[in-house]
file protein-v2.pdb (PDB, C-alpha atoms, pLDDT in the B column)
ATOM      1  CA  MET A  17      -7.993 -10.724  37.237  1.00 64.00           C
ATOM      2  CA  LYS A  18     -10.804 -13.170  37.962  1.00 81.00           C
ATOM      3  CA  LYS A  19      -9.647 -16.526  39.277  1.00 91.00           C
ATOM      4  CA  GLU A  20      -8.740 -19.060  36.597  1.00 97.00           C
ATOM      5  CA  ILE A  21      -7.894 -22.753  36.755  1.00 98.00           C
ATOM      6  CA  ALA A  22      -6.406 -25.204  34.265  1.00 98.00           C
ATOM      7  CA  ILE A  23      -7.052 -28.824  33.353  1.00 98.00           C
ATOM      8  CA  LEU A  24      -4.232 -30.657  31.569  1.00 98.00           C
ATOM      9  CA  MET A  25      -5.046 -33.899  29.767  1.00 98.00           C
ATOM     10  CA  ALA A  26      -2.131 -36.301  30.197  1.00 97.00           C
ATOM     11  CA  ALA A  27      -3.717 -39.766  30.177  1.00 97.00           C
ATOM     12  CA  GLY A  28      -2.964 -40.997  26.651  1.00 95.00           C
ATOM     13  CA  LYS A  29      -0.547 -43.777  25.717  1.00 93.00           C
ATOM     14  CA  GLY A  30       1.406 -41.724  23.158  1.00 92.00           C
ATOM     15  CA  GLU A  31       1.577 -44.744  20.857  1.00 92.00           C
ATOM     16  CA  ARG A  32       2.692 -42.709  17.836  1.00 91.00           C
ATOM     17  CA  MET A  33       5.843 -41.754  19.741  1.00 94.00           C
ATOM     18  CA  ARG A  34       6.998 -45.259  20.609  1.00 94.00           C
ATOM     19  CA  PRO A  35       9.545 -46.472  21.581  1.00 94.00           C
ATOM     20  CA  VAL A  36      10.230 -43.228  23.481  1.00 95.00           C
ATOM     21  CA  THR A  37       6.936 -43.593  25.350  1.00 96.00           C
ATOM     22  CA  GLU A  38       7.350 -47.242  26.327  1.00 95.00           C
ATOM     23  CA  THR A  39       8.585 -46.222  29.775  1.00 95.00           C
ATOM     24  CA  THR A  40       7.755 -42.514  29.831  1.00 96.00           C
ATOM     25  CA  PRO A  41       4.291 -40.979  29.373  1.00 97.00           C
ATOM     26  CA  LYS A  42       4.334 -38.625  26.403  1.00 97.00           C
ATOM     27  CA  PRO A  43       3.780 -35.389  28.380  1.00 97.00           C
ATOM     28  CA  LEU A  44       6.877 -36.170  30.456  1.00 97.00           C
ATOM     29  CA  VAL A  45       9.123 -36.670  27.419  1.00 97.00           C
ATOM     30  CA  LYS A  46      11.817 -34.018  27.592  1.00 96.00           C
ATOM     31  CA  VAL A  47      12.536 -31.675  24.714  1.00 97.00           C
ATOM     32  CA  ASN A  48      15.918 -30.021  25.143  1.00 95.00           C
ATOM     33  CA  GLY A  49      15.904 -30.908  28.814  1.00 95.00           C
ATOM     34  CA  VAL A  50      12.372 -29.789  29.709  1.00 97.00           C
ATOM     35  CA  SER A  51       9.343 -32.073  29.678  1.00 97.00           C
ATOM     36  CA  MET A  52       6.559 -31.023  27.339  1.00 97.00           C
ATOM     37  CA  ILE A  53       3.985 -30.682  30.106  1.00 98.00           C
ATOM     38  CA  GLU A  54       6.300 -28.348  32.021  1.00 98.00           C
ATOM     39  CA  THR A  55       6.343 -25.884  29.130  1.00 98.00           C
ATOM     40  CA  VAL A  56       2.556 -25.710  29.474  1.00 98.00           C
ATOM     41  CA  ILE A  57       2.673 -25.429  33.263  1.00 97.00           C
ATOM     42  CA  LYS A  58       5.242 -22.643  33.098  1.00 97.00           C
ATOM     43  CA  GLY A  59       3.038 -20.779  30.622  1.00 97.00           C
ATOM     44  CA  LEU A  60       0.040 -21.108  32.919  1.00 97.00           C
ATOM     45  CA  GLU A  61       2.082 -19.952  35.895  1.00 96.00           C
ATOM     46  CA  HIS A  62       3.280 -17.016  33.793  1.00 96.00           C
ATOM     47  CA  ARG A  63      -0.396 -16.022  33.572  1.00 96.00           C
ATOM     48  CA  GLY A  64      -0.719 -16.354  37.342  1.00 96.00           C
ATOM     49  CA  ILE A  65      -2.685 -19.601  37.419  1.00 97.00           C
ATOM     50  CA  THR A  66      -1.843 -21.650  40.502  1.00 92.00           C
ATOM     51  CA  GLU A  67      -4.694 -24.174  40.518  1.00 96.00           C
ATOM     52  CA  ILE A  68      -3.733 -26.792  37.946  1.00 98.00           C
ATOM     53  CA  TYR A  69      -5.296 -30.233  37.554  1.00 98.00           C
ATOM     54  CA  VAL A  70      -3.445 -32.948  35.632  1.00 98.00           C
ATOM     55  CA  VAL A  71      -5.542 -35.896  34.435  1.00 98.00           C
ATOM     56  CA  VAL A  72      -3.341 -38.980  34.210  1.00 97.00           C
ATOM     57  CA  GLY A  73      -3.793 -42.555  33.015  1.00 97.00           C
ATOM     58  CA  TYR A  74      -0.968 -44.352  31.191  1.00 97.00           C
ATOM     59  CA  LEU A  75       2.045 -44.699  33.513  1.00 97.00           C
ATOM     60  CA  GLY A  76       0.254 -42.348  35.887  1.00 96.00           C
ATOM     61  CA  GLU A  77       2.634 -43.112  38.749  1.00 96.00           C
ATOM     62  CA  LYS A  78       5.395 -41.356  36.793  1.00 96.00           C
ATOM     63  CA  PHE A  79       3.744 -38.009  37.457  1.00 97.00           C
ATOM     64  CA  SER A  80       4.611 -38.144  41.174  1.00 94.00           C
ATOM     65  CA  GLU A  81       7.914 -36.393  40.452  1.00 91.00           C
ATOM     66  CA  LEU A  82       6.046 -33.622  38.639  1.00 94.00           C
ATOM     67  CA  LYS A  83       3.761 -33.214  41.661  1.00 92.00           C
ATOM     68  CA  ALA A  84       6.804 -32.940  43.913  1.00 92.00           C
ATOM     69  CA  LYS A  85       8.261 -30.217  41.702  1.00 94.00           C
ATOM     70  CA  TYR A  86       4.995 -28.293  41.341  1.00 95.00           C
ATOM     71  CA  PRO A  87       3.042 -28.558  44.634  1.00 92.00           C
ATOM     72  CA  ASN A  88       0.181 -26.504  43.169  1.00 92.00           C
ATOM     73  CA  ILE A  89      -0.728 -29.434  40.910  1.00 96.00           C
ATOM     74  CA  THR A  90      -3.567 -31.795  41.750  1.00 97.00           C
ATOM     75  CA  ILE A  91      -3.462 -35.217  40.086  1.00 97.00           C
ATOM     76  CA  ILE A  92      -6.752 -36.678  38.836  1.00 98.00           C
ATOM     77  CA  GLU A  93      -6.799 -40.334  37.803  1.00 97.00           C
ATOM     78  CA  ASN A  94      -8.635 -41.299  34.627  1.00 97.00           C
ATOM     79  CA  LYS A  95      -9.537 -44.937  35.239  1.00 96.00           C
ATOM     80  CA  GLU A  96     -11.168 -45.310  31.824  1.00 96.00           C
ATOM     81  CA  TYR A  97      -8.337 -44.149  29.554  1.00 95.00           C
ATOM     82  CA  THR A  98      -7.864 -47.652  28.114  1.00 94.00           C
ATOM     83  CA  ILE A  99     -11.520 -48.116  27.133  1.00 94.00           C
ATOM     84  CA  LYS A 100     -12.583 -44.599  26.124  1.00 95.00           C
ATOM     85  CA  ASN A 101     -11.230 -41.741  24.040  1.00 95.00           C
ATOM     86  CA  ASN A 102     -10.098 -38.489  25.664  1.00 95.00           C
ATOM     87  CA  ILE A 103     -13.698 -37.656  26.547  1.00 97.00           C
ATOM     88  CA  SER A 104     -12.960 -39.800  29.613  1.00 97.00           C
ATOM     89  CA  SER A 105     -10.278 -37.385  30.825  1.00 97.00           C
ATOM     90  CA  MET A 106     -12.686 -34.479  30.813  1.00 97.00           C
ATOM     91  CA  GLN A 107     -15.359 -36.608  32.473  1.00 97.00           C
ATOM     92  CA  ALA A 108     -12.835 -37.480  35.186  1.00 97.00           C
ATOM     93  CA  ALA A 109     -12.350 -33.744  35.770  1.00 98.00           C
ATOM     94  CA  CYS A 110     -16.040 -32.845  35.932  1.00 97.00           C
ATOM     95  CA  ASN A 111     -15.827 -32.148  39.668  1.00 97.00           C
ATOM     96  CA  VAL A 112     -13.599 -29.138  38.995  1.00 97.00           C
ATOM     97  CA  LEU A 113     -14.863 -28.106  35.556  1.00 97.00           C
ATOM     98  CA  GLY A 114     -17.135 -25.093  36.030  1.00 96.00           C
ATOM     99  CA  LYS A 115     -15.690 -23.798  39.289  1.00 95.00           C
ATOM    100  CA  ALA A 116     -13.915 -20.918  37.489  1.00 97.00           C
ATOM    101  CA  ASP A 117     -12.807 -19.706  34.066  1.00 98.00           C
ATOM    102  CA  CYS A 118     -10.723 -22.588  32.783  1.00 98.00           C
ATOM    103  CA  PHE A 119      -7.917 -23.486  30.404  1.00 98.00           C
ATOM    104  CA  ILE A 120      -8.207 -27.000  28.962  1.00 98.00           C
ATOM    105  CA  CYS A 121      -4.849 -28.050  27.585  1.00 97.00           C
ATOM    106  CA  GLU A 122      -3.314 -31.010  25.864  1.00 97.00           C
ATOM    107  CA  ALA A 123      -0.262 -31.918  27.936  1.00 96.00           C
ATOM    108  CA  ASP A 124       1.939 -32.958  24.992  1.00 94.00           C
ATOM    109  CA  LEU A 125       2.578 -29.446  23.725  1.00 97.00           C
ATOM    110  CA  VAL A 126       5.822 -27.521  23.517  1.00 97.00           C
ATOM    111  CA  VAL A 127       5.168 -23.894  24.402  1.00 97.00           C
ATOM    112  CA  SER A 128       8.070 -21.794  23.160  1.00 96.00           C
ATOM    113  CA  ASP A 129       6.467 -18.424  23.869  1.00 97.00           C
ATOM    114  CA  GLU A 130       4.820 -18.035  27.262  1.00 96.00           C
ATOM    115  CA  THR A 131       3.313 -14.710  26.195  1.00 96.00           C
ATOM    116  CA  ILE A 132       0.542 -16.593  24.389  1.00 97.00           C
ATOM    117  CA  PHE A 133      -0.943 -16.848  27.871  1.00 97.00           C
ATOM    118  CA  ASP A 134      -0.963 -13.052  28.150  1.00 95.00           C
ATOM    119  CA  LYS A 135      -3.877 -12.796  25.736  1.00 94.00           C
ATOM    120  CA  GLU A 136      -6.948 -10.942  26.954  1.00 94.00           C
ATOM    121  CA  LEU A 137      -9.591 -13.652  26.820  1.00 96.00           C
ATOM    122  CA  ASN A 138     -12.958 -11.951  26.969  1.00 95.00           C
ATOM    123  CA  GLN A 139     -14.915 -14.969  25.806  1.00 97.00           C
ATOM    124  CA  SER A 140     -14.543 -18.705  25.428  1.00 98.00           C
ATOM    125  CA  GLY A 141     -12.436 -19.891  22.541  1.00 98.00           C
ATOM    126  CA  TYR A 142      -9.703 -22.056  21.108  1.00 98.00           C
ATOM    127  CA  TYR A 143      -6.151 -21.079  20.329  1.00 98.00           C
ATOM    128  CA  GLY A 144      -5.689 -21.763  16.627  1.00 98.00           C
ATOM    129  CA  LYS A 145      -3.080 -21.684  13.857  1.00 97.00           C
ATOM    130  CA  PHE A 146      -4.108 -20.479  10.433  1.00 97.00           C
ATOM    131  CA  VAL A 147      -3.314 -23.017   7.701  1.00 96.00           C
ATOM    132  CA  ALA A 148      -3.464 -21.924   4.072  1.00 97.00           C
ATOM    133  CA  GLY A 149      -4.866 -24.544   1.710  1.00 97.00           C
ATOM    134  CA  HIS A 150      -6.329 -27.899   2.711  1.00 97.00           C
ATOM    135  CA  SER A 151      -5.918 -29.425   6.151  1.00 96.00           C
ATOM    136  CA  ASP A 152      -6.836 -32.943   7.255  1.00 95.00           C
ATOM    137  CA  ASP A 153      -6.495 -31.909  10.883  1.00 95.00           C
ATOM    138  CA  TRP A 154      -9.081 -30.494  13.293  1.00 97.00           C
ATOM    139  CA  VAL A 155     -10.329 -27.109  12.080  1.00 98.00           C
ATOM    140  CA  PHE A 156     -12.813 -24.420  13.025  1.00 98.00           C
ATOM    141  CA  ASP A 157     -15.581 -23.189  10.739  1.00 98.00           C
ATOM    142  CA  GLN A 158     -16.459 -19.582  11.578  1.00 98.00           C
ATOM    143  CA  ASP A 159     -19.260 -17.209  10.639  1.00 97.00           C
ATOM    144  CA  GLU A 160     -18.810 -13.620   9.468  1.00 97.00           C
ATOM    145  CA  ASN A 161     -18.464 -12.477  13.090  1.00 96.00           C
ATOM    146  CA  GLY A 162     -15.742 -14.984  13.904  1.00 97.00           C
ATOM    147  CA  ARG A 163     -17.987 -17.268  15.937  1.00 98.00           C
ATOM    148  CA  ILE A 164     -17.034 -20.937  15.661  1.00 98.00           C
ATOM    149  CA  THR A 165     -19.851 -22.853  13.968  1.00 98.00           C
ATOM    150  CA  ARG A 166     -18.158 -26.251  13.643  1.00 98.00           C
ATOM    151  CA  ILE A 167     -15.337 -28.114  15.351  1.00 98.00           C
ATOM    152  CA  GLY A 168     -14.278 -31.027  13.183  1.00 97.00           C
ATOM    153  CA  LYS A 169     -11.766 -32.552  10.820  1.00 96.00           C
ATOM    154  CA  TYR A 170     -10.910 -31.299   7.342  1.00 96.00           C
ATOM    155  CA  GLY A 171     -11.077 -27.810   5.938  1.00 96.00           C
ATOM    156  CA  ASP A 172      -9.471 -25.258   3.651  1.00 97.00           C
ATOM    157  CA  ASP A 173      -7.843 -21.941   4.590  1.00 97.00           C
ATOM    158  CA  GLN A 174      -8.945 -22.179   8.197  1.00 97.00           C
ATOM    159  CA  TYR A 175      -7.642 -22.028  11.728  1.00 98.00           C
ATOM    160  CA  ASN A 176      -6.477 -25.409  12.999  1.00 98.00           C
ATOM    161  CA  MET A 177      -6.743 -26.683  16.556  1.00 97.00           C
ATOM    162  CA  CYS A 178      -3.494 -26.589  18.539  1.00 95.00           C
ATOM    163  CA  GLY A 179      -4.424 -28.106  21.886  1.00 96.00           C
ATOM    164  CA  LEU A 180      -5.479 -25.099  23.972  1.00 98.00           C
ATOM    165  CA  CYS A 181      -9.074 -24.194  24.824  1.00 98.00           C
ATOM    166  CA  TYR A 182     -10.428 -21.550  27.191  1.00 98.00           C
ATOM    167  CA  LEU A 183     -13.901 -21.694  28.702  1.00 98.00           C
ATOM    168  CA  LYS A 184     -15.530 -18.976  30.739  1.00 98.00           C
ATOM    169  CA  GLU A 185     -17.078 -20.279  33.932  1.00 97.00           C
ATOM    170  CA  ALA A 186     -20.667 -20.318  32.644  1.00 97.00           C
ATOM    171  CA  ASP A 187     -19.633 -22.161  29.481  1.00 98.00           C
ATOM    172  CA  ALA A 188     -17.556 -24.623  31.502  1.00 98.00           C
ATOM    173  CA  LEU A 189     -20.692 -25.439  33.514  1.00 98.00           C
ATOM    174  CA  ILE A 190     -22.583 -26.152  30.295  1.00 98.00           C
ATOM    175  CA  MET A 191     -19.789 -28.461  29.216  1.00 98.00           C
ATOM    176  CA  ARG A 192     -19.676 -30.187  32.595  1.00 98.00           C
ATOM    177  CA  ASP A 193     -23.366 -31.056  32.370  1.00 97.00           C
ATOM    178  CA  ALA A 194     -23.005 -32.177  28.743  1.00 98.00           C
ATOM    179  CA  LEU A 195     -20.063 -34.434  29.579  1.00 98.00           C
ATOM    180  CA  ILE A 196     -21.912 -36.008  32.492  1.00 97.00           C
ATOM    181  CA  GLU A 197     -24.911 -36.653  30.260  1.00 97.00           C
ATOM    182  CA  ALA A 198     -22.681 -38.120  27.539  1.00 97.00           C
ATOM    183  CA  ALA A 199     -21.287 -40.623  30.041  1.00 95.00           C
ATOM    184  CA  ASN A 200     -24.718 -42.273  30.197  1.00 95.00           C
ATOM    185  CA  ASP A 201     -24.474 -43.461  26.591  1.00 95.00           C
ATOM    186  CA  SER A 202     -21.664 -45.836  25.613  1.00 95.00           C
ATOM    187  CA  ALA A 203     -21.991 -44.623  22.020  1.00 95.00           C
ATOM    188  CA  ASN A 204     -20.032 -41.561  23.167  1.00 96.00           C
ATOM    189  CA  ASP A 205     -17.079 -43.527  24.548  1.00 96.00           C
ATOM    190  CA  ASN A 206     -15.007 -43.180  21.375  1.00 95.00           C
ATOM    191  CA  LEU A 207     -15.478 -39.433  21.084  1.00 96.00           C
ATOM    192  CA  PHE A 208     -13.002 -36.654  21.639  1.00 96.00           C
ATOM    193  CA  TRP A 209     -14.234 -34.208  24.248  1.00 97.00           C
ATOM    194  CA  ASP A 210     -14.193 -31.485  21.585  1.00 97.00           C
ATOM    195  CA  GLN A 211     -17.025 -33.292  19.795  1.00 97.00           C
ATOM    196  CA  ILE A 212     -19.241 -32.749  22.826  1.00 97.00           C
ATOM    197  CA  LEU A 213     -18.335 -29.068  22.705  1.00 98.00           C
ATOM    198  CA  ASP A 214     -19.211 -29.068  18.997  1.00 98.00           C
ATOM    199  CA  ARG A 215     -22.675 -30.354  19.878  1.00 97.00           C
ATOM    200  CA  ASN A 216     -23.189 -27.366  22.188  1.00 98.00           C
ATOM    201  CA  LEU A 217     -22.112 -24.518  19.916  1.00 98.00           C
ATOM    202  CA  ASP A 218     -25.670 -23.203  19.975  1.00 97.00           C
ATOM    203  CA  LYS A 219     -25.197 -22.509  23.692  1.00 97.00           C
ATOM    204  CA  ILE A 220     -21.494 -21.599  23.801  1.00 98.00           C
ATOM    205  CA  ASN A 221     -20.093 -18.680  21.806  1.00 98.00           C
ATOM    206  CA  LEU A 222     -16.528 -19.597  20.861  1.00 98.00           C
ATOM    207  CA  THR A 223     -13.933 -17.541  19.023  1.00 98.00           C
ATOM    208  CA  VAL A 224     -10.378 -18.239  17.797  1.00 98.00           C
ATOM    209  CA  TYR A 225      -7.292 -16.761  19.433  1.00 98.00           C
ATOM    210  CA  PRO A 226      -4.492 -16.884  16.802  1.00 98.00           C
ATOM    211  CA  VAL A 227      -1.038 -18.296  17.539  1.00 98.00           C
ATOM    212  CA  THR A 228       1.853 -19.503  15.357  1.00 96.00           C
ATOM    213  CA  ASP A 229       4.123 -22.541  15.058  1.00 92.00           C
ATOM    214  CA  GLU A 230       6.915 -20.456  16.521  1.00 95.00           C
ATOM    215  CA  GLN A 231       4.895 -20.079  19.723  1.00 97.00           C
ATOM    216  CA  ILE A 232       3.404 -23.519  20.298  1.00 97.00           C
ATOM    217  CA  VAL A 233       3.760 -26.944  18.694  1.00 95.00           C
ATOM    218  CA  GLU A 234       2.189 -30.348  19.281  1.00 92.00           C
ATOM    219  CA  ILE A 235       4.685 -33.188  18.745  1.00 92.00           C
ATOM    220  CA  ASP A 236       3.076 -36.427  17.600  1.00 90.00           C
ATOM    221  CA  SER A 237       5.905 -38.692  16.436  1.00 93.00           C
ATOM    222  CA  VAL A 238       9.572 -39.459  17.009  1.00 95.00           C
ATOM    223  CA  LYS A 239      10.343 -37.906  13.636  1.00 94.00           C
ATOM    224  CA  GLU A 240       8.734 -34.645  14.742  1.00 94.00           C
ATOM    225  CA  LEU A 241      10.507 -34.892  18.098  1.00 95.00           C
ATOM    226  CA  VAL A 242      13.906 -35.141  16.399  1.00 96.00           C
ATOM    227  CA  VAL A 243      13.263 -31.832  14.621  1.00 94.00           C
ATOM    228  CA  PHE A 244      13.322 -30.129  18.035  1.00 94.00           C
ATOM    229  CA  ASP A 245      15.805 -32.366  19.869  1.00 96.00           C
ATOM    230  CA  LYS A 246      18.477 -34.253  17.920  1.00 95.00           C
ATOM    231  CA  SER A 247      19.254 -36.498  20.908  1.00 94.00           C
ATOM    232  CA  TYR A 248      16.303 -38.682  19.876  1.00 95.00           C
ATOM    233  CA  GLU A 249      17.779 -39.544  16.459  1.00 94.00           C
ATOM    234  CA  LYS A 250      18.828 -42.964  17.829  1.00 92.00           C
ATOM    235  CA  TYR A 251      15.151 -43.947  17.968  1.00 90.00           C
ATOM    236  CA  LEU A 252      14.741 -43.496  14.213  1.00 88.00           C
ATOM    237  CA  ALA A 253      17.027 -46.429  13.397  1.00 70.00           C
TER     238      ALA A 253
END
call {"tool": "encode", "arguments": {"input": "protein-v2.pdb", "output": "structure tokens"}}
result
Amino acid sequence: MKKEIAILMAAGKGERMRPVTETTPKPLVKVNGVSMIETVIKGLEHRGITEIYVVVGYLGEKFSELKAKYPNITIIENKEYTIKNNISSMQAACNVLGKADCFICEADLVVSDETIFDKELNQSGYYGKFVAGHSDDWVFDQDENGRITRIGKYGDDQYNMCGLCYLKEADALIMRDALIEAANDSANDNLFWDQILDRNLDKINLTVYPVTDEQIVEIDSVKELVVFDKSYEKYLA
């Protein structure tokens, strides 16, 4: 298999999961004894990926223990996480983006089925969950050939974003250049990095790789956390 790398975005404050995240960055919150980011790392290692970059910001010093446990990890500091949206995390990783085929992962995911990383990924794409009916979340519009034509919020009977993207090396280079260019205009500071990718869909052919809730879940609140780990019920009071 051609060399692959991974970039994990772990800089956010996790404000919707307070008070759990007051002293622990969200990706390091444990679910049934295992931190969320480790479920992603283990999935990547299951695929054979050993070059993993973790972009940190909020409580970044807390990730030193993770680095000690997984020596193959390189920590990248996002110094702009308090003044920009998550576009800043990808801009912080531009030095490595484009050096190989690349997974770009949210770090606050719980991967229950590592085999989702066994997929044969012949082109760039997003992992997505099909949602029947209306969704207010991030969705993918697709043409008759399955090519993604829009990445944005709101849609009906569509695949929803679930925090995993895969870019072939050539497409990652396009994104690297686009992210660097976007950094020159402060109007882009409040954007999600996916919105820059959306602007480049004429150059990058993206597809959807289907997964299910049983395989991967993004946890956004304490209430959602309790569904998976009852030990956090005390934080609901």
call {"tool": "resolve_selection", "arguments": {"input": "protein-v2.pdb", "expression": "the PyMOL selection byres ((chain A and resi 142-154) around 12)", "output": "PyMOL selection string"}}
result
chain A and resi 118-122+132-133+135+137+139-141+155-158+162-164+166-184+208+210-211+213-214+221-234
call {"tool": "atom_distance", "arguments": {"input": "protein-v2.pdb", "atom1": "CA of Leu207 (chain A)", "atom2": "CA of Asn101 (chain A)"}}
result
5.7 Å
call {"tool": "closest_residue", "arguments": {"input": "protein-v2.pdb", "among": "A:Leu125, A:Ile190, A:Glu249, A:Gln107", "to": "Asn94 (chain A)", "atoms": "only C-alpha atoms"}}
result
A:Gln107
call {"tool": "closest_residue", "arguments": {"input": "protein-v2.pdb", "among": "A:Val50, A:Leu60, A:Ala199, A:Ala188", "to": "Asn88 (chain A)", "atoms": "all atoms listed in the file"}}
result
A:Leu60
call {"tool": "atom_distance", "arguments": {"input": "protein-v2.pdb", "atom1": "CA of Glu31 (chain A)", "atom2": "CA of Trp209 (chain A)"}}
result
19.3 Å
call {"tool": "closest_residue", "arguments": {"input": "protein-v2.pdb", "among": "A:Tyr97, A:Glu67, A:Ala123, A:Glu54", "to": "Ala26 (chain A)", "atoms": "only C-alpha atoms"}}
result
A:Ala123
call {"tool": "resolve_selection", "arguments": {"input": "protein-v2.pdb", "expression": "the PyMOL selection byres ((chain A and resi 89) around 8)", "output": "ChimeraX atom specification"}}
result
/A:66-70,83,86-88,90-91
call {"tool": "atom_distance", "arguments": {"input": "protein-v2.pdb", "atom1": "CA of Glu130 (chain A)", "atom2": "CA of Val36 (chain A)"}}
result
26.0 Å
call {"tool": "closest_residue", "arguments": {"input": "protein-v2.pdb", "among": "A:Val45, A:Ile57, A:Ala108, A:Met33", "to": "Val127 (chain A)", "atoms": "only C-alpha atoms"}}
result
A:Ile57
call {"tool": "closest_residue", "arguments": {"input": "protein-v2.pdb", "among": "A:Glu93, A:Asp124, A:Asp134, A:Asp129", "to": "Leu241 (chain A)", "atoms": "all atoms listed in the file"}}
result
A:Asp124
call {"tool": "residues_near_point", "arguments": {"input": "protein-v2.pdb", "point": "(5.1, -35.0, 29.0)", "cutoff": "6 Å", "atoms": "only C-alpha atoms", "output": "MDAnalysis selection string"}}
result
chainID A and resid 42:45 51:53 124
call {"tool": "axis_aligned_box", "arguments": {"input": "protein-v2.pdb", "around": "region 54-60 of chain A", "padding_each_side": "8 Å", "output": "AutoDock Vina command-line options"}}
result
--center_x 3.2 --center_y -24.6 --center_z 31.2 --size_x 22.3 --size_y 23.6 --size_z 20.1
